[in-house]
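Undergrad: Contents of start34.tsv (TSV, C-alpha atoms):
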chain	number	residue	atom	x	y	z
A	70	MET	CA	33.32	6.96	-0.99
A	71	LEU	CA	35.74	8.04	1.75
A	72	SER	CA	37.98	5.05	1.09
A	73	LYS	CA	38.37	6.20	-2.52
A	74	THR	CA	39.23	9.80	-1.68
A	75	LEU	CA	41.26	9.55	1.55
A	76	PRO	CA	44.60	7.79	2.00
A	77	ALA	CA	44.82	4.48	3.85
A	78	VAL	CA	45.25	4.54	7.63
A	79	ASP	CA	47.47	1.91	9.26
A	80	GLY	CA	47.31	-0.04	6.04
A	81	HIS	CA	43.49	-0.12	6.01
A	82	PRO	CA	41.09	1.76	3.74
A	83	VAL	CA	39.30	4.35	5.88
A	84	GLY	CA	35.93	2.63	5.51
A	85	THR	CA	37.23	-0.72	6.76
A	86	HIS	CA	39.55	0.51	9.51
A	87	PRO	CA	38.70	-1.30	12.80
A	88	LEU	CA	38.26	1.96	14.72
A	89	VAL	CA	35.91	3.37	12.10
A	90	LYS	CA	33.89	0.14	11.99
A	91	ASN	CA	33.64	0.05	15.78
A	92	LEU	CA	32.51	3.69	15.81
A	93	LEU	CA	29.80	3.08	13.21
A	94	ASN	CA	28.63	-0.08	14.99
A	95	GLY	CA	28.43	1.84	18.24
A	96	CYS	CA	26.40	4.62	16.62
A	97	TYR	CA	24.05	2.02	15.17
A	98	ASN	CA	23.59	0.31	18.55
A	99	LEU	CA	22.91	3.62	20.29
A	100	ASN	CA	20.34	4.69	17.74
A	101	PRO	CA	19.15	1.71	15.65
A	102	PRO	CA	16.51	2.19	12.92
A	103	LYS	CA	13.05	2.23	14.44
A	104	PRO	CA	9.81	1.19	12.77
A	105	LYS	CA	7.34	4.00	12.24
A	106	TYR	CA	4.50	2.06	13.88
A	107	ASN	CA	4.41	-0.23	16.93
A	108	CYS	CA	1.04	-1.69	16.02
A	109	SER	CA	-1.33	-1.63	13.08
A	110	TRP	CA	-5.00	-1.20	12.32
A	111	ASP	CA	-7.32	-3.97	11.19
A	112	PRO	CA	-8.11	-3.72	7.46
A	113	SER	CA	-11.52	-5.34	8.06
A	114	VAL	CA	-12.68	-2.15	9.82
A	115	VAL	CA	-11.89	-0.07	6.74
A	116	ILE	CA	-13.28	-2.67	4.34
A	117	GLN	CA	-16.56	-2.86	6.29
A	118	PHE	CA	-16.85	0.92	6.17
A	119	MET	CA	-16.38	0.95	2.40
A	120	ALA	CA	-18.91	-1.85	1.95
A	121	GLN	CA	-21.46	0.26	3.81
A	122	LEU	CA	-21.06	3.14	1.36
A	123	GLY	CA	-23.39	1.34	-1.00
A	124	LYS	CA	-23.25	0.11	-4.58
A	125	ASN	CA	-20.29	1.33	-6.60
A	126	GLU	CA	-22.64	2.63	-9.30
A	127	SER	CA	-24.60	4.79	-6.84
A	128	ILE	CA	-21.89	6.59	-4.86
A	129	SER	CA	-20.30	9.86	-5.91
A	130	PHE	CA	-17.25	10.15	-8.16
A	131	PRO	CA	-14.98	11.32	-5.28
A	132	SER	CA	-16.22	8.53	-2.99
A	133	LEU	CA	-15.72	5.85	-5.64
A	134	THR	CA	-12.25	7.23	-6.38
A	135	ARG	CA	-11.17	7.08	-2.73
A	136	LYS	CA	-12.75	3.65	-2.30
A	137	THR	CA	-11.01	2.22	-5.36
A	138	ALA	CA	-7.62	3.62	-4.37
A	139	THR	CA	-7.88	2.24	-0.83
A	140	LEU	CA	-9.11	-1.20	-1.89
A	141	LEU	CA	-6.34	-1.50	-4.47
A	142	ALA	CA	-3.75	-0.43	-1.90
A	143	LEU	CA	-4.92	-3.15	0.51
A	144	ALA	CA	-5.28	-5.84	-2.16
A	145	SER	CA	-1.99	-5.24	-3.98
A	146	LEU	CA	0.36	-3.87	-1.26
A	147	LEU	CA	1.38	-1.20	-3.77
A	148	ARG	CA	2.94	2.03	-2.53
A	149	VAL	CA	1.03	5.23	-3.29
A	150	SER	CA	3.67	6.14	-5.87
A	151	GLU	CA	3.02	2.79	-7.56
A	152	LEU	CA	-0.75	3.30	-7.44
A	153	ALA	CA	-0.18	6.59	-9.25
A	154	ALA	CA	1.80	4.69	-11.89
A	155	ILE	CA	-0.85	2.07	-12.76
A	156	ASN	CA	-1.07	1.89	-16.54
A	157	PHE	CA	-4.70	2.45	-17.48
A	158	GLN	CA	-4.25	0.89	-20.91
A	159	SER	CA	-2.82	-2.30	-19.41
A	160	ILE	CA	-5.91	-3.08	-17.32
A	161	ASN	CA	-7.41	-6.41	-18.32
A	162	PHE	CA	-10.52	-7.80	-16.63
A	163	SER	CA	-11.52	-11.45	-16.61
A	164	GLU	CA	-14.48	-13.11	-14.94
A	165	GLU	CA	-12.60	-13.68	-11.70
A	166	SER	CA	-9.74	-11.15	-11.59
A	167	VAL	CA	-8.03	-8.09	-12.99
A	168	LYS	CA	-4.46	-7.70	-14.22
A	169	PHE	CA	-2.49	-4.53	-14.84
A	170	SER	CA	1.07	-3.26	-15.02
A	171	LEU	CA	2.81	-0.06	-13.98
A	172	LEU	CA	4.23	2.75	-16.08
A	173	LYS	CA	7.57	2.46	-14.29
A	174	PRO	CA	9.54	-0.15	-12.31
A	175	ARG	CA	8.62	-0.74	-8.68
A	176	LYS	CA	10.73	0.89	-5.99
A	177	ALA	CA	13.11	-2.03	-5.41
A	178	GLN	CA	13.18	-3.20	-9.05
A	179	HIS	CA	16.43	-2.50	-10.87
A	180	SER	CA	16.10	-4.83	-13.86
A	181	GLY	CA	13.70	-7.05	-15.75
A	182	PRO	CA	10.29	-6.33	-17.29
A	183	LEU	CA	7.62	-4.24	-15.58
A	184	GLN	CA	5.73	-6.33	-13.07
A	185	THR	CA	2.16	-7.44	-13.78
A	186	ILE	CA	-0.14	-7.33	-10.76
A	187	SER	CA	-3.09	-9.70	-10.54
A	188	ILE	CA	-5.95	-9.22	-8.08
A	189	PRO	CA	-8.71	-11.83	-7.67
A	190	ALA	CA	-12.33	-10.84	-7.24
A	191	ILE	CA	-14.24	-11.66	-4.05
A	192	PRO	CA	-17.97	-12.49	-3.75
A	193	GLU	CA	-18.82	-9.37	-1.71
A	194	GLU	CA	-19.12	-6.89	-4.59
A	195	ASP	CA	-19.49	-3.80	-2.39
A	196	CYS	CA	-15.98	-4.27	-0.98
A	197	CYS	CA	-14.35	-6.08	-3.89
A	198	PRO	CA	-11.35	-4.25	-5.36
A	199	VAL	CA	-12.01	-5.73	-8.81
A	200	HIS	CA	-15.63	-4.59	-8.92
A	201	ALA	CA	-14.68	-1.14	-7.58
A	202	LEU	CA	-11.99	-0.80	-10.25
A	203	LYS	CA	-14.38	-1.89	-12.99
A	204	ALA	CA	-16.92	0.73	-11.85
A	205	TYR	CA	-14.18	3.37	-11.70
A	206	VAL	CA	-12.96	2.58	-15.20
A	207	LYS	CA	-16.51	2.84	-16.54
A	208	LEU	CA	-17.23	6.09	-14.69
A	209	THR	CA	-14.02	7.81	-15.80
A	210	GLY	CA	-14.29	6.70	-19.43
A	211	PRO	CA	-16.01	9.90	-20.64
A	212	PHE	CA	-13.34	12.03	-18.92
A	213	ARG	CA	-10.39	10.45	-20.67
A	214	GLY	CA	-8.42	11.80	-23.59
A	215	ASN	CA	-4.88	11.93	-24.92
A	216	SER	CA	-3.64	13.79	-21.83
A	217	ASN	CA	-4.80	11.25	-19.23
A	218	ILE	CA	-5.14	7.97	-21.11
A	219	ASN	CA	-2.08	6.39	-19.49
A	220	GLN	CA	-2.70	6.91	-15.77
A	221	LEU	CA	-5.49	5.00	-14.05
A	222	PHE	CA	-6.22	7.59	-11.38
A	223	ILE	CA	-7.34	11.01	-12.55
A	224	SER	CA	-8.46	14.12	-10.74
A	225	VAL	CA	-12.09	14.37	-9.66
A	226	ILE	CA	-11.99	18.00	-10.78
A	227	SER	CA	-12.10	19.06	-14.44
A	228	PRO	CA	-10.06	18.78	-16.64
A	229	HIS	CA	-9.38	15.45	-14.85
A	230	GLY	CA	-5.64	15.23	-15.34
A	231	GLY	CA	-3.50	12.43	-13.98
A	232	VAL	CA	-2.80	12.73	-10.26
A	233	THR	CA	0.36	12.47	-8.17
A	234	ALA	CA	1.20	10.11	-5.32
A	235	ASN	CA	0.45	12.93	-2.86
A	236	THR	CA	-3.13	13.18	-4.11
A	237	ILE	CA	-3.68	9.42	-3.81
A	238	SER	CA	-2.15	9.51	-0.34
A	239	ARG	CA	-4.67	12.20	0.65
A	240	TRP	CA	-7.56	10.13	-0.76
A	241	ILE	CA	-6.53	7.09	1.28
A	242	ARG	CA	-6.03	9.13	4.46
A	243	ILE	CA	-9.56	10.50	4.11
A	244	THR	CA	-10.93	6.96	3.83
A	245	LEU	CA	-8.92	5.75	6.81
A	246	LYS	CA	-10.10	8.68	8.93
A	247	GLU	CA	-13.74	8.17	7.96
A	248	SER	CA	-13.34	4.49	8.88
A	249	GLY	CA	-12.12	5.36	12.37
A	250	VAL	CA	-8.37	4.85	11.89
A	251	ASP	CA	-6.24	7.41	13.73
A	252	THR	CA	-4.64	9.30	10.84
A	253	SER	CA	-2.58	11.40	13.24
A	254	VAL	CA	-0.60	8.18	13.73
A	255	PHE	CA	-1.15	6.15	10.55
A	256	SER	CA	-0.43	7.43	7.05
A	257	ALA	CA	-1.62	6.14	3.68
A	258	HIS	CA	1.58	4.08	3.47
A	259	SER	CA	0.39	2.08	6.51
A	260	THR	CA	-1.97	0.14	4.22
A	261	ARG	CA	1.02	-2.01	3.19
A	262	GLY	CA	1.87	-3.04	6.72
A	263	ALA	CA	-1.74	-3.44	7.82
A	264	ALA	CA	-2.68	-5.69	4.89
A	265	ALA	CA	0.54	-7.71	5.05
A	266	SER	CA	0.23	-8.22	8.82
A	267	LYS	CA	-3.37	-9.37	8.42
A	268	ALA	CA	-2.32	-11.79	5.67
A	269	SER	CA	0.47	-13.14	7.88
A	270	ALA	CA	-1.92	-13.61	10.81
A	271	ALA	CA	-4.31	-15.45	8.48
A	272	GLY	CA	-1.60	-17.97	7.57
A	273	ILE	CA	-0.55	-16.72	4.14
A	274	SER	CA	3.01	-17.88	3.43
A	275	ILE	CA	5.80	-15.39	3.95
A	276	ASP	CA	7.00	-15.99	0.39
A	277	GLU	CA	3.65	-14.89	-1.03
A	278	ILE	CA	3.62	-11.79	1.19
A	279	LEU	CA	7.18	-10.85	0.21
A	280	LYS	CA	6.31	-11.28	-3.47
A	281	ALA	CA	3.16	-9.15	-3.20
A	282	GLY	CA	4.88	-6.40	-1.25
A	283	HIS	CA	8.03	-6.58	-3.38
A	284	TRP	CA	10.21	-6.97	-0.29
A	285	LYS	CA	13.58	-8.60	-0.84
A	286	THR	CA	13.95	-10.26	2.54
A	287	GLU	CA	11.78	-11.44	5.40
A	288	SER	CA	13.84	-9.33	7.80
A	289	THR	CA	12.77	-6.13	6.03
A	290	PHE	CA	9.11	-7.11	6.27
A	291	SER	CA	9.42	-8.19	9.92
A	292	ARG	CA	11.41	-5.16	11.03
A	293	PHE	CA	9.45	-2.40	9.34
A	294	TYR	CA	6.01	-3.71	8.37
A	295	LYS	CA	4.82	-6.77	10.29
A	296	ARG	CA	2.81	-5.58	13.27
A	297	THR	CA	0.08	-6.80	15.58
A	298	MET	CA	-3.31	-5.25	15.00
A	299	GLU	CA	-4.21	-2.25	17.13
A	300	PRO	CA	-5.92	-3.83	20.14
A	301	SER	CA	-9.49	-3.04	21.15
A	302	ILE	CA	-12.01	-4.79	23.41
A	303	VAL	CA	-14.98	-2.99	21.88
A	304	PRO	CA	-15.49	-5.34	18.87
A	305	ALA	CA	-15.44	-8.31	21.23
A	306	VAL	CA	-17.96	-6.70	23.58
A	307	PHE	CA	-20.33	-5.49	20.86
A	308	GLN	CA	-19.89	-8.29	18.32
A	309	LEU	CA	-23.13	-9.34	16.63
A	310	ASP	CA	-21.90	-11.69	13.93
A	311	GLY	CA	-19.42	-13.87	15.81
A	312	GLN	CA	-16.42	-12.00	14.45
A	313	THR	CA	-14.03	-9.67	16.21
A	314	GLY	CA	-12.57	-6.55	14.64
A	315	SER	CA	-8.99	-6.94	15.83
A	316	VAL	CA	-6.30	-9.57	15.85
A	317	GLN	CA	-3.75	-10.00	18.63
Starting from the file, lay out its structure as structure tokens.

TA:
Amino acid sequence: MLSKTLPAVDGHPVGTHPLVKNLLNGCYNLNPPKPKYNCSWDPSVVIQFMAQLGKNESISFPSLTRKTATLLALASLLRVSELAAINFQSINFSEESVKFSLLKPRKAQHSGPLQTISIPAIPEEDCCPVHALKAYVKLTGPFRGNSNINQLFISVISPHGGVTANTISRWIRITLKESGVDTSVFSAHSTRGAAASKASAAGISIDEILKAGHWKTESTFSRFYKRTMEPSIVPAVFQLDGQTGSVQ
């Protein structure tokens, strides 16, 4: 922008002048971009908490709503703004998965058709995102009309209008806090980094993780999202089932 509005200096456009470039590089080196989190939380802790809530058909509407939003966030790596944009009418269940699209392009998408997200079901129904979504769709059916037929997530309070990203963020933060995650440190957006880091530690290919998270480059994922799990010795000391609750 400055190069277009200001005259050249020493034969160089202002933006490419060696002194300007050196100044900007120096500023960057003095204060480089920093990741928001130095470590992450283990998604299994949150998933186990949600599994203990009970059958999807027996828990309250608010609890099922928060559970569904959190499970979808972990399973899809969608941002809260993208969760708010899930197209209700695009949801298609099969025996082993669910597919849906968004009402708008994803954050880094600048061309092409709207992306279709596919999530496979898992055997453990009480913590399966597909089963939770199916129960949520069934429960909210009577509350839907012309005003909220497009958005998946609707308010738990009458008249049950479509909700914003801020509301979904609050739902997820409540679930994280109830699960024992420190929400004074971790926000709802941390689900992306936590799930992606866990997938990376489990050996999922970086290409699959980048595709799911809609990250353009591995450097973006590594710099801002890939973290070690928040360490704790307690799961190791108190383990009953041969599994630990954190990954180093």

Undergrad: Using all atoms listed in the file, which residues of stretch 224-253 of chain A come within 6 Å of stretch 126-150 of chain A, and what is the closest atom pair for each, with the distance in Å to one decimal? Give it as a tab-separated table, sorted by chain and residue number.

TA:
residue	atom	partner	partner_atom	distance
A:Ala234	CA	A:Ser150	CA	4.7
A:Trp240	CA	A:Arg135	CA	5.1
A:Ile241	CA	A:Thr139	CA	5.5

Undergrad: Work out how far apart atom CA of A:Ser166 and atom CA of A:Glu194 are and give it in Å to one decimal.

TA: 12.5 Å

Undergrad: Could you tell me which of A:Lys280, A:Leu88, A:Ile218, A:Lys207 comes closest to A:Ile186 if we count all atoms listed in the file?

TA: A:Lys280

Undergrad: Please measure the separation of atom CA of A:Thr252 and atom CA of A:Pro189, giving the value in Å to one decimal.

TA: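 Pair atom CA of A:Thr252 / atom CA of A:Pro189 returns 28.4 Å.
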
Undergrad: So how many Å separate atom CA of A:Ile237 and atom CA of A:Leu221, to one decimal?

TA: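 Atom CA of A:Leu221 lies at a distance of 11.3 Å from atom CA of A:Ile237.
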
Undergrad: For a cutoff of 10 Å around the file-coordinate point (-16.2, 4.9, 6.4), which residues qualify once you count only C-alpha atoms? I'd like the result as a PyMOL selection string.

TA: chain A and resi 114-122+136+243-250

Undergrad: Considering only C-alpha atoms, can you say which of A:Lys124, A:Arg213, A:Lys203, A:Arg242 comes closest to A:Gly230?

TA: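 Looking only at the distances to A:Gly230, the closest residue turns out to be A:Arg213.
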
Undergrad: Which is closer to A:Thr260 than all the others in A:Val89, A:His81, A:Asp111, A:Thr233, using all atoms listed in the file?

TA: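 Among A:Val89, A:His81, A:Asp111, A:Thr233, it is A:Asp111 that comes nearest to A:Thr260.
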
Undergrad: Return the single residue from A:Thr74, A:Asn217, A:Ser227, A:Ser238 that is closest to A:Leu152, with distances computed using all atoms listed in the file.

TA: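 Result for the nearest residue to A:Leu152: A:Ser238.
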
Undergrad: Within 12 Å of (-1.2, -2.5, -14.5), in the coordinates the file gives, what residues turn up when you count all atoms listed in the file, written out as JSON, numbers by chain?

TA: {"A": [141, 145, 147, 151, 152, 153, 154, 155, 156, 157, 158, 159, 160, 161, 162, 167, 168, 169, 170, 171, 172, 173, 174, 175, 183, 184, 185, 186, 187, 188, 202, 219, 220, 221, 222]}

Undergrad: Under the rule that all atoms listed in the file are counted, which of A:His258, A:Lys73, A:Lys285, A:Lys267 is the nearest residue to A:Asn235?

TA: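 Of A:His258, A:Lys73, A:Lys285, A:Lys267, the one nearest A:Asn235 is A:His258, counting all atoms listed in the file.
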
Undergrad: So which one's closest to A:Trp284, A:Gly262, A:Gly214, A:Gly272, A:Gly231? Using all atoms listed in the file, please.

TA: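 Nearest candidate to A:Trp284 out of A:Gly262, A:Gly214, A:Gly272, A:Gly231: A:Gly262.
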